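Enquirer: coords_38.txt (compact mmCIF, C-alpha atoms and all ligand atoms) pasted underneath:
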```
# COMPACT_ATOMS: atom_id res chain seq x y z
CA MET A 1 236.21 11.71 33.18
CA ASP A 2 235.78 12.59 36.86
CA PHE A 3 238.44 10.72 38.83
CA GLY A 4 236.40 11.06 42.04
CA ILE A 5 239.26 12.39 44.17
CA LYS A 6 238.19 16.01 44.63
CA GLY A 7 239.00 17.12 48.19
CA LYS A 8 241.48 14.29 48.78
CA LYS A 9 244.89 15.16 50.23
CA ALA A 10 248.20 14.22 48.63
CA ILE A 11 251.89 14.36 49.37
CA VAL A 12 253.86 14.55 46.14
CA CYS A 13 257.58 14.19 46.81
CA ALA A 14 260.36 15.86 44.83
CA SER A 15 257.92 17.92 42.84
CA SER A 16 259.30 21.40 42.07
CA LYS A 17 260.22 20.22 38.57
CA GLY A 18 259.92 17.44 36.06
CA LEU A 19 257.82 14.34 36.59
CA GLY A 20 256.98 15.08 40.23
CA ARG A 21 255.64 18.53 39.37
CA ALA A 22 253.64 17.08 36.48
CA CYS A 23 252.01 14.58 38.87
CA ALA A 24 251.25 17.37 41.35
CA LEU A 25 249.67 19.52 38.64
CA ALA A 26 247.54 16.65 37.30
CA LEU A 27 246.27 15.83 40.81
CA ALA A 28 245.55 19.52 41.51
CA ARG A 29 243.45 19.62 38.34
CA GLU A 30 241.35 16.85 39.91
CA GLY A 31 240.75 19.03 42.97
CA VAL A 32 243.32 17.33 45.24
CA GLU A 33 244.94 19.38 48.04
CA LEU A 34 248.71 19.13 47.81
CA VAL A 35 251.84 19.10 49.87
CA ILE A 36 254.78 19.35 47.49
CA THR A 37 258.46 19.00 48.38
CA ALA A 38 261.94 19.72 47.02
CA ARG A 39 265.23 20.94 48.48
CA THR A 40 265.41 24.29 46.67
CA ALA A 41 262.81 26.50 48.35
CA SER A 42 262.68 29.13 45.59
CA ASP A 43 261.94 26.55 42.84
CA LEU A 44 259.40 24.85 45.08
CA GLU A 45 257.56 28.11 45.81
CA ALA A 46 257.52 28.86 42.07
CA ALA A 47 256.00 25.44 41.35
CA ALA A 48 253.40 25.91 44.10
CA ALA A 49 252.45 29.33 42.72
CA MET A 50 252.13 27.94 39.18
CA ILE A 51 249.91 25.05 40.33
CA ARG A 52 247.70 27.35 42.44
CA GLN A 53 247.39 29.78 39.56
CA GLN A 54 246.50 27.08 36.99
CA THR A 55 244.12 25.05 39.16
CA GLY A 56 243.01 27.04 42.21
CA ALA A 57 244.09 24.08 44.38
CA LYS A 58 245.42 24.45 47.91
CA VAL A 59 249.17 23.80 47.67
CA THR A 60 251.56 23.77 50.63
CA ALA A 61 255.26 23.88 49.82
CA VAL A 62 257.53 22.05 52.26
CA ALA A 63 261.20 22.56 51.45
CA GLY A 64 263.54 19.77 52.53
CA ASP A 65 265.52 16.73 51.53
CA ILE A 66 263.05 13.84 51.29
CA SER A 67 265.93 11.36 51.69
CA THR A 68 266.35 12.51 55.29
CA GLU A 69 264.17 11.72 58.30
CA ALA A 70 263.75 15.46 58.92
CA GLY A 71 262.60 16.05 55.33
CA ARG A 72 260.06 13.25 55.52
CA ALA A 73 258.84 14.37 58.97
CA ALA A 74 258.26 17.90 57.67
CA ALA A 75 256.18 16.66 54.73
CA LEU A 76 254.16 14.38 57.01
CA ALA A 77 253.64 17.17 59.56
CA ALA A 78 252.10 19.30 56.82
CA CYS A 79 249.84 16.42 55.73
CA PRO A 80 249.59 13.79 58.49
CA GLU A 81 246.76 11.84 56.86
CA PRO A 82 247.32 11.79 53.11
CA ASP A 83 244.91 9.89 50.87
CA ILE A 84 247.50 9.88 48.10
CA LEU A 85 251.28 9.52 48.25
CA VAL A 86 253.45 10.00 45.19
CA ASN A 87 256.97 8.83 45.92
CA ASN A 88 259.68 10.48 43.89
CA ASN A 89 263.27 11.54 44.39
CA GLY A 90 266.33 12.53 42.44
CA GLY A 91 267.98 9.62 40.66
CA PRO A 92 271.41 8.17 41.49
CA PRO A 93 274.35 9.31 39.34
CA HIS A 94 275.57 7.66 36.15
CA GLY A 95 278.91 5.90 36.18
CA ASP A 96 281.00 2.76 36.33
CA PHE A 97 280.19 0.47 39.25
CA ARG A 98 283.93 -0.07 39.83
CA GLU A 99 284.15 3.49 41.09
CA TRP A 100 281.22 3.34 43.51
CA THR A 101 281.92 3.02 47.22
CA ARG A 102 279.73 1.47 49.89
CA GLU A 103 278.69 5.02 50.85
CA ASP A 104 277.58 5.71 47.26
CA TRP A 105 275.45 2.58 47.31
CA ILE A 106 273.94 3.37 50.72
CA LYS A 107 273.00 6.84 49.41
CA ALA A 108 271.30 5.34 46.35
CA LEU A 109 269.44 2.76 48.42
CA ASP A 110 268.41 5.46 50.89
CA GLY A 111 267.08 7.75 48.19
CA ASN A 112 265.38 5.38 45.78
CA MET A 113 264.42 2.41 47.94
CA LEU A 114 264.28 3.22 51.66
CA THR A 115 262.85 6.74 51.41
CA PRO A 116 259.68 5.56 49.62
CA ILE A 117 259.43 2.53 51.91
CA PHE A 118 259.57 4.69 55.06
CA LEU A 119 257.00 7.11 53.66
CA ILE A 120 254.73 4.19 52.81
CA LYS A 121 255.22 2.86 56.34
CA ALA A 122 254.22 6.25 57.78
CA VAL A 123 250.96 6.55 55.83
CA VAL A 124 249.69 3.11 54.90
CA ASP A 125 247.96 2.17 58.17
CA GLY A 126 245.99 5.42 58.18
CA MET A 127 244.92 4.73 54.60
CA ILE A 128 243.82 1.23 55.61
CA ALA A 129 241.80 2.64 58.52
CA ARG A 130 240.12 5.22 56.26
CA LYS A 131 239.53 2.60 53.51
CA PHE A 132 241.13 4.70 50.81
CA GLY A 133 244.71 5.06 49.71
CA ARG A 134 246.59 5.51 46.46
CA ILE A 135 250.36 5.19 46.47
CA VAL A 136 252.31 5.72 43.27
CA ASN A 137 256.06 5.26 43.12
CA ILE A 138 257.99 6.90 40.32
CA THR A 139 260.70 4.39 39.44
CA SER A 140 262.21 3.94 35.98
CA ALA A 141 262.04 1.93 32.77
CA SER A 142 265.42 0.63 33.97
CA VAL A 143 263.54 -1.69 36.35
CA LYS A 144 262.42 -3.72 33.31
CA SER A 145 265.37 -3.06 31.06
CA PRO A 146 268.53 -2.13 32.99
CA ILE A 147 270.54 0.84 31.75
CA PRO A 148 274.26 -0.09 31.72
CA ASN A 149 275.72 3.08 33.25
CA LEU A 150 272.93 3.50 35.81
CA GLY A 151 273.70 0.46 37.94
CA MET A 152 272.76 2.03 41.27
CA SER A 153 269.43 3.15 39.86
CA ASN A 154 268.78 -0.32 38.39
CA GLY A 155 269.56 -1.96 41.74
CA ALA A 156 267.85 0.39 44.19
CA ARG A 157 264.66 0.66 42.17
CA ALA A 158 264.47 -3.09 41.66
CA GLY A 159 264.64 -3.44 45.46
CA LEU A 160 261.71 -1.06 45.90
CA THR A 161 259.78 -2.89 43.18
CA GLY A 162 260.20 -6.24 44.94
CA PHE A 163 259.08 -4.87 48.30
CA VAL A 164 256.07 -3.09 46.82
CA ALA A 165 254.98 -6.20 44.90
CA GLY A 166 254.49 -7.99 48.21
CA LEU A 167 252.96 -5.14 50.21
CA ALA A 168 250.51 -4.15 47.45
CA ARG A 169 248.80 -7.53 47.79
CA GLN A 170 248.54 -7.18 51.56
CA VAL A 171 246.75 -3.82 51.55
CA ALA A 172 244.58 -4.01 48.40
CA ARG A 173 241.54 -5.42 50.27
CA HIS A 174 241.34 -2.12 52.17
CA ASN A 175 241.07 -0.09 48.96
CA VAL A 176 244.70 0.93 49.29
CA THR A 177 246.64 0.49 46.06
CA ILE A 178 250.35 0.66 45.45
CA ASN A 179 251.61 0.86 41.87
CA ASN A 180 254.75 1.99 40.10
CA LEU A 181 255.12 4.30 37.11
CA LEU A 182 258.19 3.52 35.00
CA PRO A 183 259.32 6.49 32.92
CA GLY A 184 261.34 6.10 29.77
CA PRO A 185 262.80 9.34 28.39
CA PHE A 186 260.71 12.38 29.39
CA LEU A 187 261.82 15.90 28.59
CA THR A 188 262.79 17.15 32.05
CA ASP A 189 265.88 18.84 33.52
CA ARG A 190 267.30 15.40 34.33
CA LEU A 191 267.01 14.26 30.71
CA ARG A 192 268.49 17.55 29.49
CA SER A 193 271.45 17.28 31.88
CA GLY A 194 272.10 13.68 30.75
CA ALA A 195 271.97 14.84 27.12
CA THR A 196 274.33 17.73 27.92
CA HIS A 197 276.82 15.28 29.47
CA THR A 198 276.67 13.03 26.38
CA ALA A 199 276.94 16.04 24.04
CA GLN A 200 280.07 17.29 25.83
CA GLN A 201 281.66 13.84 25.82
CA GLN A 202 280.98 13.31 22.12
CA GLY A 203 281.50 16.89 20.89
CA ARG A 204 277.93 17.18 19.67
CA SER A 205 275.09 19.59 20.31
CA VAL A 206 272.48 18.88 23.00
CA ASP A 207 269.72 19.22 20.38
CA ASP A 208 271.44 16.56 18.28
CA VAL A 209 271.60 14.14 21.24
CA LEU A 210 267.94 14.77 22.12
CA ALA A 211 266.90 14.30 18.47
CA GLU A 212 268.72 10.96 18.45
CA ARG A 213 266.85 9.88 21.61
CA ALA A 214 263.58 10.84 19.97
CA LYS A 215 264.40 9.01 16.75
CA ALA A 216 265.29 5.83 18.65
CA SER A 217 261.80 5.65 20.17
CA PRO A 218 258.97 3.83 18.38
CA ALA A 219 256.89 6.91 19.22
CA GLY A 220 259.44 9.07 17.40
CA ARG A 221 259.74 11.48 20.32
CA VAL A 222 260.53 11.76 23.98
CA GLY A 223 257.70 11.96 26.50
CA ASP A 224 255.96 15.11 27.68
CA PRO A 225 255.89 15.27 31.52
CA ALA A 226 252.19 16.23 31.32
CA GLU A 227 251.46 12.77 29.88
CA PHE A 228 253.20 11.24 32.86
CA GLY A 229 251.20 13.39 35.29
CA ASP A 230 247.93 12.29 33.71
CA ALA A 231 248.89 8.62 34.12
CA CYS A 232 249.63 9.28 37.78
CA ALA A 233 246.26 10.96 38.34
CA PHE A 234 244.56 7.99 36.66
CA LEU A 235 246.23 5.53 39.06
CA CYS A 236 245.00 7.71 41.93
CA ALA A 237 241.39 7.74 40.73
CA ALA A 238 238.65 6.41 42.97
CA SER A 239 237.82 3.85 40.26
CA SER A 240 241.42 2.55 40.05
CA GLY A 241 241.10 0.41 43.19
CA PHE A 242 241.43 -2.83 41.21
CA ILE A 243 244.81 -1.82 39.72
CA VAL A 244 247.14 -3.41 42.22
CA GLY A 245 250.90 -3.86 42.28
CA GLN A 246 251.40 -2.94 38.64
CA ASN A 247 254.47 -1.57 36.91
CA LEU A 248 253.22 0.77 34.21
CA LEU A 249 255.84 1.52 31.59
CA LEU A 250 255.59 4.92 29.88
CA ASP A 251 258.34 4.71 27.30
CA GLY A 252 256.78 5.25 23.87
CA GLY A 253 257.14 1.54 23.15
CA ALA A 254 260.91 1.39 23.63
CA PHE A 255 260.76 -1.83 25.66
CA ASN A 256 260.46 -4.42 22.92
CA SER A 257 258.16 -7.19 24.07
CA SER A 258 254.96 -8.91 22.97
CA MET A 259 253.64 -8.34 26.48
CA SER A 260 254.96 -5.72 28.90
P1 LIG B 1 264.19 16.49 37.52
O1 LIG B 1 263.56 17.19 36.38
O2 LIG B 1 265.65 16.65 37.75
O3 LIG B 1 263.38 16.88 38.85
C1 LIG B 1 263.75 16.34 40.07
C2 LIG B 1 262.90 16.94 41.17
O4 LIG B 1 263.19 16.26 42.38
C3 LIG B 1 263.21 18.41 41.44
O5 LIG B 1 262.03 19.04 41.85
C4 LIG B 1 264.21 18.34 42.57
O6 LIG B 1 264.27 19.55 43.30
C5 LIG B 1 263.61 17.19 43.38
N1 LIG B 1 264.55 16.49 44.25
C6 LIG B 1 265.71 15.89 43.88
N2 LIG B 1 266.29 15.34 44.95
C7 LIG B 1 265.49 15.61 46.02
C8 LIG B 1 265.56 15.31 47.40
N3 LIG B 1 266.59 14.61 47.91
N4 LIG B 1 264.55 15.71 48.21
C9 LIG B 1 263.51 16.40 47.70
N5 LIG B 1 263.39 16.72 46.41
C10 LIG B 1 264.37 16.32 45.58
O7 LIG B 1 263.99 14.90 37.43
P2 LIG B 1 262.87 14.04 36.65
O8 LIG B 1 263.32 13.85 35.25
O9 LIG B 1 261.53 14.60 36.93
O10 LIG B 1 263.06 12.61 37.35
C11 LIG B 1 262.30 12.21 38.49
C12 LIG B 1 262.69 10.78 38.81
O11 LIG B 1 262.37 9.93 37.69
C13 LIG B 1 264.18 10.59 39.07
O12 LIG B 1 264.38 9.62 40.07
C14 LIG B 1 264.70 10.08 37.74
O13 LIG B 1 265.88 9.31 37.88
C15 LIG B 1 263.53 9.22 37.29
N6 LIG B 1 263.52 9.02 35.83
C16 LIG B 1 263.40 10.07 34.99
C17 LIG B 1 263.39 9.85 33.63
C18 LIG B 1 263.26 10.99 32.63
O14 LIG B 1 263.39 10.77 31.44
N7 LIG B 1 263.01 12.21 33.03
C19 LIG B 1 263.53 8.55 33.13
C20 LIG B 1 263.66 7.49 34.02
C21 LIG B 1 263.66 7.75 35.38
P3 LIG B 1 265.59 19.94 44.19
O15 LIG B 1 266.78 19.59 43.35
O16 LIG B 1 265.43 21.39 44.46
O17 LIG B 1 265.50 19.11 45.43
```
So, in terms of structure tokens, how does the structure I just supplied come out?
Expert:
Amino acid sequence: MDFGIKGKKAIVCASSKGLGRACALALAREGVELVITARTASDLEAAAAMIRQQTGAKVTAVAGDISTEAGRAAALAACPEPDILVNNNGGPPHGDFREWTREDWIKALDGNMLTPIFLIKAVVDGMIARKFGRIVNITSASVKSPIPNLGMSNGARAGLTGFVAGLARQVARHNVTINNLLPGPFLTDRLRSGATHTAQQQGRSVDDVLAERAKASPAGRVGDPAEFGDACAFLCAASSGFIVGQNLLLDGGAFNSSMS
């Protein structure tokens, strides 16, 4: 299937690894020109080189912290008129909400709610003027089914989801779509570090913890980031203009419901 986005320009945030990188790679396969970001320049350059080598796409690596104004300005300077924006960022830490300070909460809200909102604000009017825009926010399955020890993630992402639900309906008539992708467990560094933490706490092996995660899923496995990237590219397709304000859960069926 030709997604009809060859030659389009995309900013894919937080994309040297994991889900962000998978989205970048899937878009590059469709012939999209990329700006990718992450804080660690060496990892980012390695991701850019891998994507160029696998796809032949033009990839510009912009190192910086996307949670900061300077980081966002640098990404936007490299791609002032993106057709596609994939919002992603590191997730807030695990823990007990009794230990979190106001500063901890502000950091979580900044990273997982306000950063995507300010990037949307920077690009959405240009998309409206050009009559094409695809914005995909990577959030979490925790938006639908809160994870007990990830309270800041549950809260900040729910805030973004509420804002986006309103804005998506205001811009859809201009062929600008905003949708959210909600990952369940995908085998990335973040999942591995969470499994390592659990393994250390419980005196088990990391493989054992990951096998348990896989077994708990109706799909019998954790997700492959490439599957996530393909879903992102699909939401960015020219023919996806009627998919508006949706929250697409990619969790192997873990959320138990007759209708998602
Ligand atoms: P990951 O494998 O740890 O990758 C995170 C990527 O984001 C890296 O490229 C990292 O590079 C970059 N990054 C982190 N903070 C950044 C910042 N402030 N500015 C710019 N880049 C930044 O994580 P992932 O598993 O792909 O997760 C991506 C998002 O999905 C996270 O918000 C996570 O909470 C959420 N999520 C993941 C899963 C899962 O199973 N994997 C499930 C639910 C939700 P640098 O560190 O070099 O900046």
Enquirer: If I take CA of Ala47 in chain A and atom O16 of ligand LIG 1 (chain B), how far is one from the other in Å, to one decimal?
Expert: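 Distance between the two atoms: 10.7 Å.
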Enquirer: Mind giving me the straight-line distance from CA of Asn256 in chain A to CA of Ser145 in chain A in Å, one decimal?
Expert: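 Here the two named atoms are 9.6 Å from each other.
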Enquirer: The residues within 12 Å of (260.0, 15.6, 18.9), using all atoms listed in the file and the coordinates of the file, should be reported as a PyMOL selection string; which are they?
Expert: chain A and resi 185-187+207-224+252
Enquirer: For CA of Cys13 in chain A and CA of Phe97 in chain A, quote the distance in Å rounded to one decimal.
Expert: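 It comes out at 27.5 Å.
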Enquirer: With all atoms listed in the file counted and 7 Å as the cut-off, give the residues of chain A in contact with ligand LIG 1 (chain B), each with its shortest interatomic distance in Å and the pair that gives it, as a Markdown table.
Expert:
```
| residue | atom | partner | partner_atom | distance |
| --- | --- | --- | --- | --- |
| A:Cys13 | CA | B:LIG1 | N5 | 6.3 |
| A:Ala14 | CA | B:LIG1 | N5 | 3.5 |
| A:Ser15 | CA | B:LIG1 | O5 | 4.4 |
| A:Ser16 | CA | B:LIG1 | O5 | 3.6 |
| A:Lys17 | CA | B:LIG1 | O5 | 3.9 |
| A:Gly18 | CA | B:LIG1 | O9 | 3.4 |
| A:Leu19 | CA | B:LIG1 | O9 | 3.7 |
| A:Gly20 | CA | B:LIG1 | O9 | 5.6 |
| A:Arg21 | CA | B:LIG1 | O5 | 6.9 |
| A:Thr37 | CA | B:LIG1 | C9 | 5.7 |
| A:Ala38 | CA | B:LIG1 | N5 | 3.4 |
| A:Arg39 | CA | B:LIG1 | O17 | 3.6 |
| A:Thr40 | CA | B:LIG1 | O16 | 3.6 |
| A:Ala41 | CA | B:LIG1 | O16 | 6.9 |
| A:Asp43 | CA | B:LIG1 | O16 | 6.4 |
| A:Leu44 | CA | B:LIG1 | O16 | 7.0 |
| A:Gly64 | CA | B:LIG1 | C9 | 5.9 |
| A:Asp65 | CA | B:LIG1 | N4 | 3.6 |
| A:Ile66 | CA | B:LIG1 | N4 | 3.9 |
| A:Ser67 | CA | B:LIG1 | N3 | 5.0 |
| A:Asn88 | CA | B:LIG1 | C12 | 5.9 |
| A:Asn89 | CA | B:LIG1 | O12 | 4.9 |
| A:Gly90 | CA | B:LIG1 | C6 | 3.7 |
| A:Gly91 | CA | B:LIG1 | O13 | 3.5 |
| A:Pro92 | CA | B:LIG1 | O13 | 6.7 |
| A:Gly111 | CA | B:LIG1 | N3 | 6.9 |
| A:Ile138 | CA | B:LIG1 | O11 | 5.9 |
| A:Thr139 | CA | B:LIG1 | C15 | 6.0 |
| A:Ser140 | CA | B:LIG1 | C21 | 4.1 |
| A:Ala141 | CA | B:LIG1 | C20 | 5.9 |
| A:Leu182 | CA | B:LIG1 | C20 | 6.8 |
| A:Pro183 | CA | B:LIG1 | C20 | 4.6 |
| A:Gly184 | CA | B:LIG1 | C19 | 4.7 |
| A:Pro185 | CA | B:LIG1 | O14 | 3.4 |
| A:Phe186 | CA | B:LIG1 | O14 | 3.7 |
| A:Leu187 | CA | B:LIG1 | N7 | 5.9 |
| A:Thr188 | CA | B:LIG1 | O1 | 4.4 |
| A:Asp189 | CA | B:LIG1 | O1 | 4.0 |
| A:Arg190 | CA | B:LIG1 | O2 | 4.0 |
| A:Leu191 | CA | B:LIG1 | N7 | 5.1 |
```
Enquirer: Just the selected residues (C-alpha atoms), exported as a CSV table (one decimal), in the coordinates of the input, please.
Expert:
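Printed below is again-v1.csv as written:
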```csv
chain,number,residue,atom,x,y,z
A,13,CYS,CA,257.6,14.2,46.8
A,14,ALA,CA,260.4,15.9,44.8
A,15,SER,CA,257.9,17.9,42.8
A,16,SER,CA,259.3,21.4,42.1
A,17,LYS,CA,260.2,20.2,38.6
A,18,GLY,CA,259.9,17.4,36.1
A,19,LEU,CA,257.8,14.3,36.6
A,20,GLY,CA,257.0,15.1,40.2
A,21,ARG,CA,255.6,18.5,39.4
A,37,THR,CA,258.5,19.0,48.4
A,38,ALA,CA,261.9,19.7,47.0
A,39,ARG,CA,265.2,20.9,48.5
A,40,THR,CA,265.4,24.3,46.7
A,41,ALA,CA,262.8,26.5,48.4
A,43,ASP,CA,261.9,26.6,42.8
A,44,LEU,CA,259.4,24.8,45.1
A,64,GLY,CA,263.5,19.8,52.5
A,65,ASP,CA,265.5,16.7,51.5
A,66,ILE,CA,263.0,13.8,51.3
A,67,SER,CA,265.9,11.4,51.7
A,88,ASN,CA,259.7,10.5,43.9
A,89,ASN,CA,263.3,11.5,44.4
A,90,GLY,CA,266.3,12.5,42.4
A,91,GLY,CA,268.0,9.6,40.7
A,92,PRO,CA,271.4,8.2,41.5
A,111,GLY,CA,267.1,7.8,48.2
A,138,ILE,CA,258.0,6.9,40.3
A,139,THR,CA,260.7,4.4,39.4
A,140,SER,CA,262.2,3.9,36.0
A,141,ALA,CA,262.0,1.9,32.8
A,182,LEU,CA,258.2,3.5,35.0
A,183,PRO,CA,259.3,6.5,32.9
A,184,GLY,CA,261.3,6.1,29.8
A,185,PRO,CA,262.8,9.3,28.4
A,186,PHE,CA,260.7,12.4,29.4
A,187,LEU,CA,261.8,15.9,28.6
A,188,THR,CA,262.8,17.2,32.0
A,189,ASP,CA,265.9,18.8,33.5
A,190,ARG,CA,267.3,15.4,34.3
A,191,LEU,CA,267.0,14.3,30.7
```
Enquirer: Go through A:Ser260, A:Gln201, A:Thr177, A:Ser193 one by one, measure the shortest atom-to-atom distance of each to Leu235 in chain A using all atoms listed in the file, and give the residue with the smallest value.
Expert: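 The closest residue to Leu235 in chain A is A:Thr177.
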Enquirer: Can you work out which one of A:Ala10, A:Met259, A:Ala195, A:Met113 has the shortest atom-to-atom distance to Ile135 in chain A, counting only C-alpha atoms?
Expert: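 Among the listed residues, the smallest separation from Ile135 in chain A belongs to A:Ala10.
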Enquirer: Using all atoms listed in the file, can you tell me which of A:Pro225, A:Gly7, A:Gly56, A:Gly166 comes closest to Ile178 in chain A?
Expert: A:Gly166
Enquirer: With the cut-off set at 12 Å and counting only C-alpha atoms, tabulate each residue of range 120-163 of chain A with an atom at most that distance from an atom of range 169-176 of chain A, showing the nearest atom pair and its distance in Å to one decimal, ordered by chain and increasing number, as JSON lines.
Expert:
```
{"residue": "A:Ile120", "atom": "CA", "partner": "A:Val176", "partner_atom": "CA", "distance": 11.1}
{"residue": "A:Lys121", "atom": "CA", "partner": "A:Val171", "partner_atom": "CA", "distance": 11.8}
{"residue": "A:Val123", "atom": "CA", "partner": "A:Val176", "partner_atom": "CA", "distance": 10.7}
{"residue": "A:Val124", "atom": "CA", "partner": "A:Val176", "partner_atom": "CA", "distance": 7.8}
{"residue": "A:Asp125", "atom": "CA", "partner": "A:Val171", "partner_atom": "CA", "distance": 9.0}
{"residue": "A:Gly126", "atom": "CA", "partner": "A:Val176", "partner_atom": "CA", "distance": 10.0}
{"residue": "A:Met127", "atom": "CA", "partner": "A:Val176", "partner_atom": "CA", "distance": 6.5}
{"residue": "A:Ile128", "atom": "CA", "partner": "A:His174", "partner_atom": "CA", "distance": 5.4}
{"residue": "A:Ala129", "atom": "CA", "partner": "A:His174", "partner_atom": "CA", "distance": 7.9}
{"residue": "A:Arg130", "atom": "CA", "partner": "A:His174", "partner_atom": "CA", "distance": 8.5}
{"residue": "A:Lys131", "atom": "CA", "partner": "A:His174", "partner_atom": "CA", "distance": 5.2}
{"residue": "A:Phe132", "atom": "CA", "partner": "A:Asn175", "partner_atom": "CA", "distance": 5.1}
{"residue": "A:Gly133", "atom": "CA", "partner": "A:Val176", "partner_atom": "CA", "distance": 4.2}
{"residue": "A:Arg134", "atom": "CA", "partner": "A:Val176", "partner_atom": "CA", "distance": 5.7}
{"residue": "A:Ile135", "atom": "CA", "partner": "A:Val176", "partner_atom": "CA", "distance": 7.6}
{"residue": "A:Val136", "atom": "CA", "partner": "A:Val176", "partner_atom": "CA", "distance": 10.8}
{"residue": "A:Gly162", "atom": "CA", "partner": "A:Arg169", "partner_atom": "CA", "distance": 11.8}
{"residue": "A:Phe163", "atom": "CA", "partner": "A:Arg169", "partner_atom": "CA", "distance": 10.6}
```
Enquirer: I need the chosen residues saved as a PDB file, in the frame of the given file, with C-alpha atoms.
Expert:
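And here is the file that came out, selection_0.pdb:
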```pdb
ATOM      1  CA  ILE A 120     254.730   4.190  52.810  1.00  0.00           C
ATOM      2  CA  LYS A 121     255.220   2.860  56.340  1.00  0.00           C
ATOM      3  CA  VAL A 123     250.960   6.550  55.830  1.00  0.00           C
ATOM      4  CA  VAL A 124     249.690   3.110  54.900  1.00  0.00           C
ATOM      5  CA  ASP A 125     247.960   2.170  58.170  1.00  0.00           C
ATOM      6  CA  GLY A 126     245.990   5.420  58.180  1.00  0.00           C
ATOM      7  CA  MET A 127     244.920   4.730  54.600  1.00  0.00           C
ATOM      8  CA  ILE A 128     243.820   1.230  55.610  1.00  0.00           C
ATOM      9  CA  ALA A 129     241.800   2.640  58.520  1.00  0.00           C
ATOM     10  CA  ARG A 130     240.120   5.220  56.260  1.00  0.00           C
ATOM     11  CA  LYS A 131     239.530   2.600  53.510  1.00  0.00           C
ATOM     12  CA  PHE A 132     241.130   4.700  50.810  1.00  0.00           C
ATOM     13  CA  GLY A 133     244.710   5.060  49.710  1.00  0.00           C
ATOM     14  CA  ARG A 134     246.590   5.510  46.460  1.00  0.00           C
ATOM     15  CA  ILE A 135     250.360   5.190  46.470  1.00  0.00           C
ATOM     16  CA  VAL A 136     252.310   5.720  43.270  1.00  0.00           C
ATOM     17  CA  GLY A 162     260.200  -6.240  44.940  1.00  0.00           C
ATOM     18  CA  PHE A 163     259.080  -4.870  48.300  1.00  0.00           C
TER      19      PHE A 163
END
```
Enquirer: Could you check which of A:Ile84, A:Ala57, A:Ala199, A:Ala108 is closest to Ala158 in chain A, using all atoms listed in the file?
Expert: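 The answer is A:Ala108, which sits nearest to Ala158 in chain A.
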Enquirer: Point out the residue among A:Glu30, A:Glu99, A:Asp2, A:Asp110 with the least atom-to-atom distance to Gln54 in chain A, counting all atoms listed in the file.
Expert: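 Once distances to Gln54 in chain A are computed over all atoms listed in the file, the minimum belongs to A:Glu30.
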Enquirer: For each of A:Ala233, A:Ala226, A:Leu181, A:Val86, take the minimum atom-to-atom distance to Gln246 in chain A, counting only C-alpha atoms, then give the residue where this is smallest.
Expert: A:Leu181
Enquirer: Hey, what's within 8 Å of Gly95 in chain A if we count all atoms listed in the file and toss same-chain stuff fewer than 3 positions away? As a JSON list (two decimals) with C-alpha atoms, in the coordinates of the input, please?
Expert:
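To be explicit, this is the file written out as around.json:
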```
[["chain", "number", "residue", "atom", "x", "y", "z"],
["A", 99, "GLU", "CA", 284.15, 3.49, 41.09],
["A", 149, "ASN", "CA", 275.72, 3.08, 33.25],
["A", 150, "LEU", "CA", 272.93, 3.50, 35.81],
["A", 151, "GLY", "CA", 273.70, 0.46, 37.94]]
```
